[in-house]
Amino acid sequence: MGASGTTGNALLHRLLALGEPVRALTRTPHRPLPGLPGPLDQTAPASPRPAVMEVRYADAADPHSLRAAFRGADRLFLTTANGPAQVAWETRAVDLAADAGIRHIVKVSAPAAEPDSPVAVSRGHHAVEEHLRASGVPYTVLRPYAFMQNLLRLAPGVAHGAVLGTTGDALVNHVDGRDVGDVAAAVLTRPEPAGRTYTLTGPEAVSYPDVAARLAALTGRPVRYVHLGPAALRRELVRNGGLPDWLAEHVTEIQQLAVTRPESPTTTVAEVLGRPPRTLDAFLRRNRARFQP
């Protein structure tokens, strides 16, 4: 699922590089999937086996499309966009997958996926995780921290010399979505004990003032961190960032989580993949043009 999204598309590329047969699910099967056709982004030699890819229509809000899309598959990568309907969509997808005979579900969750989490989206992920555990289907849960790809949303502010946030000097974990895709590919294609949960980060936790300093060095232009209170950041994200209310609230809650629960990197990506995770500096260099005015 989510073949055009950050993690789903990264996983798709990795599975194709490994020569694995894969069914890519998307609401827009008539449109080219990001990065295809073309060279695959990979960190290991491609398999000599030819890759086989099907592209199928599927919409998380349409159970009939999911039922058809799951038919004949044995492993499912479960991810949907964060939002008010996410719990309903994902719990129904778990039920449909169980009915279809899926034998392994890899679900993308979130940090602090607890029933009393201060982050509403994380409370929702906890509910889906509990439903998955009760389904009887073998599963793996991936809990990535903030995607480095989300830093691209800072580009309009960087063009005006500012990075807005409410974290202060608190350290924040980021992870490259491609590493999440690589971990998902590993657990989908290797023998995997059921019930594991992997918390995924990059190799370092970095404060937003440090991110601003790195962007200044990268672009050769002044970029400073501007600290806002939670309410002020929420208003800014809605009024000038164009985010819907729930997403502005989510971004603010995630940033506040870094303040109330100090973050530090894990070694999980390296342990699963046998290589270091991608770095923030490498990600920023790769996307340098996106931060230029």
# chains A, B, ... in the order shown; residues from 1 in each chain; ligands from 1

call {"tool": "select_by_dssp", "arguments": {"residues": "segment 2-250 of chain A", "states": "alpha helix (DSSP H)", "output": "MDAnalysis selection string"}}
result
chainID A and resid 6:17 63:70 86:100 120:135 155:159 177:189 208:219 230:239 245:250

call {"tool": "residues_around", "arguments": {"residues": "Leu200 of chain A", "least_positions_apart": "2", "cutoff": "8 Å", "atoms": "only C-alpha atoms", "output": "PyMOL selection string"}}
result
chain A and resi 142-145+175+180+198+202+266-269

call {"tool": "write_last_selection", "arguments": {"atoms": "C-alpha atoms", "output": "PDB file, in the first residue's frame"}}
result
ATOM      1  CA  LEU A 142       7.955  -0.152  12.215  1.00  0.00           C
ATOM      2  CA  ARG A 143       8.036   3.018  14.326  1.00  0.00           C
ATOM      3  CA  PRO A 144      10.030   5.603  12.371  1.00  0.00           C
ATOM      4  CA  TYR A 145      10.716   9.031  13.801  1.00  0.00           C
ATOM      5  CA  VAL A 175      15.214   9.155   9.585  1.00  0.00           C
ATOM      6  CA  VAL A 180      12.471   2.828   6.378  1.00  0.00           C
ATOM      7  CA  TYR A 198      11.494  -1.695  15.332  1.00  0.00           C
ATOM      8  CA  GLY A 202      18.979   8.236  11.643  1.00  0.00           C
ATOM      9  CA  THR A 266      18.711   4.011  17.918  1.00  0.00           C
ATOM     10  CA  THR A 267      21.000   1.511  16.182  1.00  0.00           C
ATOM     11  CA  THR A 268      18.125  -0.473  14.685  1.00  0.00           C
ATOM     12  CA  VAL A 269      18.638   0.491  11.045  1.00  0.00           C
TER      13      VAL A 269
END

call {"tool": "select_by_dssp", "arguments": {"residues": "segment 47-169 of chain A", "states": "strand (DSSP E or B)", "output": "MDAnalysis selection string"}}
result
chainID A and resid 53:57 75:78 104:108 139:144 146:147 162:165

call {"tool": "residues_around", "arguments": {"residues": "Asp74 of chain A", "least_positions_apart": "4", "cutoff": "9 Å", "atoms": "only C-alpha atoms", "output": "ChimeraX atom specification"}}
result
/A:70,97,100-105

call {"tool": "write_last_selection", "arguments": {"atoms": "C-alpha atoms", "output": "mmCIF file, in the first residue's frame"}}
result
data_model
loop_
_atom_site.group_PDB
_atom_site.id
_atom_site.type_symbol
_atom_site.label_atom_id
_atom_site.label_comp_id
_atom_site.auth_asym_id
_atom_site.auth_seq_id
_atom_site.Cartn_x
_atom_site.Cartn_y
_atom_site.Cartn_z
ATOM 1 C CA PHE A 70 -5.127 -8.348 -1.546
ATOM 2 C CA ALA A 97 -5.915 -8.947 4.818
ATOM 3 C CA ALA A 100 -7.551 -12.827 2.141
ATOM 4 C CA GLY A 101 -5.002 -15.163 3.734
ATOM 5 C CA ILE A 102 -2.190 -12.656 4.130
ATOM 6 C CA ARG A 103 0.522 -14.347 6.221
ATOM 7 C CA HIS A 104 2.622 -11.335 7.296
ATOM 8 C CA ILE A 105 1.717 -7.652 7.752
#

call {"tool": "closest_residue", "arguments": {"among": "A:Met148, A:Ile254, A:Leu164, A:Val206", "to": "Phe283 of chain A", "atoms": "only C-alpha atoms"}}
result
A:Met148

call {"tool": "residues_around", "arguments": {"residues": "Arg288 of chain A", "least_positions_apart": "6", "cutoff": "10 Å", "atoms": "only C-alpha atoms", "output": "ChimeraX atom specification"}}
result
/A:152,155,215,218-219,282

call {"tool": "write_last_selection", "arguments": {"atoms": "all heavy atoms", "output": "compact mmCIF listing (two decimals), in the first residue's frame"}}
result
# COMPACT_ATOMS: atom_id res chain seq x y z
N LEU A 152 11.72 19.07 3.80
CA LEU A 152 11.55 19.83 2.56
C LEU A 152 10.44 20.86 2.70
O LEU A 152 10.40 21.84 1.95
CB LEU A 152 11.27 18.87 1.40
CG LEU A 152 12.40 17.88 1.07
CD1 LEU A 152 11.96 16.92 -0.02
CD2 LEU A 152 13.66 18.62 0.66
N ALA A 155 11.39 24.54 3.10
CA ALA A 155 12.02 25.29 2.00
C ALA A 155 11.46 26.70 1.83
O ALA A 155 12.25 27.65 1.66
CB ALA A 155 11.91 24.50 0.70
N LEU A 215 21.60 24.36 7.08
CA LEU A 215 21.02 24.90 5.86
C LEU A 215 21.70 26.19 5.44
O LEU A 215 21.88 26.45 4.25
CB LEU A 215 19.51 25.11 6.05
CG LEU A 215 18.67 23.84 6.06
CD1 LEU A 215 17.25 24.14 6.53
CD2 LEU A 215 18.63 23.20 4.67
N LEU A 218 24.88 25.18 3.85
CA LEU A 218 24.65 24.51 2.57
C LEU A 218 24.28 25.50 1.48
O LEU A 218 24.75 25.39 0.34
CB LEU A 218 23.51 23.49 2.75
CG LEU A 218 23.14 22.65 1.53
CD1 LEU A 218 24.23 21.63 1.24
CD2 LEU A 218 21.81 21.95 1.76
N THR A 219 23.45 26.48 1.81
CA THR A 219 22.95 27.41 0.79
C THR A 219 23.82 28.65 0.65
O THR A 219 23.68 29.40 -0.33
CB THR A 219 21.51 27.85 1.13
OG1 THR A 219 21.51 28.54 2.40
CG2 THR A 219 20.58 26.65 1.20
N ALA A 282 23.85 14.23 4.34
CA ALA A 282 23.76 13.68 2.99
C ALA A 282 22.40 13.98 2.38
O ALA A 282 22.30 14.31 1.19
CB ALA A 282 24.00 12.17 3.02

call {"tool": "closest_atom_pairs", "arguments": {"of": "segment 65-177 of chain A", "to": "segment 181-193 of chain A", "cutoff": "8 Å", "atoms": "only C-alpha atoms", "output": "Markdown table"}}
result
| residue | atom | partner | partner_atom | distance |
| --- | --- | --- | --- | --- |
| A:Arg75 | CA | A:Leu188 | CA | 7.1 |
| A:Phe77 | CA | A:Ala184 | CA | 7.8 |
| A:His104 | CA | A:Leu188 | CA | 7.8 |
| A:Val106 | CA | A:Ala184 | CA | 7.1 |
| A:Thr140 | CA | A:Val187 | CA | 7.7 |
| A:Leu142 | CA | A:Ala184 | CA | 7.8 |
| A:Gly177 | CA | A:Gly181 | CA | 6.3 |

call {"tool": "residues_around", "arguments": {"residues": "Pro115 of chain A", "least_positions_apart": "2", "cutoff": "10 Å", "atoms": "only C-alpha atoms", "output": "tab-separated table (two decimals) with all heavy atoms, in the first residue's frame"}}
result
chain	number	residue	atom	x	y	z
A	112	ALA	N	5.97	6.72	20.29
A	112	ALA	CA	5.02	7.01	21.38
A	112	ALA	C	3.63	6.50	21.05
A	112	ALA	O	2.63	7.14	21.36
A	112	ALA	CB	4.98	8.50	21.70
A	113	ALA	N	3.56	5.33	20.39
A	113	ALA	CA	2.27	4.73	20.07
A	113	ALA	C	1.72	4.07	21.33
A	113	ALA	O	1.87	2.86	21.56
A	113	ALA	CB	2.41	3.72	18.94
A	117	SER	N	-0.75	8.60	24.78
A	117	SER	CA	0.27	9.42	24.14
A	117	SER	C	-0.21	10.87	24.02
A	117	SER	O	-1.39	11.13	23.76
A	117	SER	CB	0.58	8.88	22.74
A	117	SER	OG	1.47	9.75	22.05
A	118	PRO	N	0.70	11.84	24.18
A	118	PRO	CA	0.32	13.24	23.97
A	118	PRO	C	0.12	13.60	22.50
A	118	PRO	O	-0.29	14.72	22.20
A	118	PRO	CB	1.51	14.01	24.56
A	118	PRO	CG	2.67	13.08	24.45
A	118	PRO	CD	2.10	11.71	24.64
A	119	VAL	N	0.41	12.66	21.62
A	119	VAL	CA	0.25	12.89	20.18
A	119	VAL	C	-0.96	12.09	19.69
A	119	VAL	O	-0.98	10.86	19.78
A	119	VAL	CB	1.52	12.46	19.40
A	119	VAL	CG1	1.35	12.69	17.91
A	119	VAL	CG2	2.74	13.22	19.92
A	120	ALA	N	-1.96	12.79	19.19
A	120	ALA	CA	-3.21	12.13	18.79
A	120	ALA	C	-2.98	11.05	17.74
A	120	ALA	O	-3.55	9.96	17.82
A	120	ALA	CB	-4.21	13.17	18.28
A	122	SER	N	-0.37	9.26	17.28
A	122	SER	CA	0.27	8.10	17.91
A	122	SER	C	-0.75	7.27	18.69
A	122	SER	O	-0.65	6.04	18.73
A	122	SER	CB	1.40	8.56	18.83
A	122	SER	OG	2.45	9.14	18.08
A	123	ARG	N	-1.73	7.93	19.32
A	123	ARG	CA	-2.80	7.17	19.98
A	123	ARG	C	-3.56	6.34	18.96
A	123	ARG	O	-3.94	5.19	19.24
A	123	ARG	CB	-3.75	8.12	20.72
A	123	ARG	CG	-3.10	8.87	21.86
A	123	ARG	CD	-4.15	9.50	22.78
A	123	ARG	NE	-4.97	10.51	22.14
A	123	ARG	CZ	-4.66	11.80	22.06
A	123	ARG	NH1	-3.52	12.25	22.56
A	123	ARG	NH2	-5.49	12.66	21.47
A	124	GLY	N	-3.77	6.90	17.78
A	124	GLY	CA	-4.43	6.14	16.73
A	124	GLY	C	-3.61	4.95	16.29
A	124	GLY	O	-4.14	3.84	16.08
A	125	HIS	N	-2.31	5.14	16.13
A	125	HIS	CA	-1.44	4.03	15.74
A	125	HIS	C	-1.47	2.93	16.80
A	125	HIS	O	-1.43	1.73	16.48
A	125	HIS	CB	-0.01	4.52	15.52
A	125	HIS	CG	0.21	5.15	14.18
A	125	HIS	ND1	0.07	4.46	13.00
A	125	HIS	CD2	0.56	6.42	13.83
A	125	HIS	CE1	0.32	5.26	11.97
A	125	HIS	NE2	0.62	6.46	12.45
A	126	HIS	N	-1.51	3.32	18.08
A	126	HIS	CA	-1.60	2.31	19.14
A	126	HIS	C	-2.85	1.47	18.96
A	126	HIS	O	-2.81	0.23	19.09
A	126	HIS	CB	-1.62	2.99	20.51
A	126	HIS	CG	-1.97	2.05	21.62
A	126	HIS	ND1	-1.07	1.16	22.16
A	126	HIS	CD2	-3.15	1.84	22.29
A	126	HIS	CE1	-1.65	0.44	23.11
A	126	HIS	NE2	-2.91	0.84	23.21
A	127	ALA	N	-3.98	2.10	18.64
A	127	ALA	CA	-5.23	1.36	18.45
A	127	ALA	C	-5.09	0.37	17.29
A	127	ALA	O	-5.57	-0.78	17.39
A	127	ALA	CB	-6.37	2.34	18.20
A	130	GLU	N	-2.89	-2.59	18.35
A	130	GLU	CA	-3.63	-3.53	19.19
A	130	GLU	C	-4.57	-4.39	18.34
A	130	GLU	O	-4.70	-5.60	18.58
A	130	GLU	CB	-4.43	-2.76	20.25
A	130	GLU	CG	-3.57	-2.13	21.33
A	130	GLU	CD	-2.84	-3.19	22.15
A	130	GLU	OE1	-3.51	-3.95	22.87
A	130	GLU	OE2	-1.59	-3.26	22.04

call {"tool": "closest_atom_pairs", "arguments": {"of": "segment 51-82 of chain A", "to": "segment 10-22 of chain A", "cutoff": "9 Å", "atoms": "only C-alpha atoms", "output": "tab-separated table"}}
result
residue	atom	partner	partner_atom	distance
A:Ala51	CA	A:Gly19	CA	4.1
A:Val52	CA	A:Pro21	CA	4.6
A:Met53	CA	A:Val22	CA	5.0
A:Glu54	CA	A:Val22	CA	6.5
A:Val55	CA	A:Val22	CA	8.6
A:Phe77	CA	A:Leu11	CA	8.9
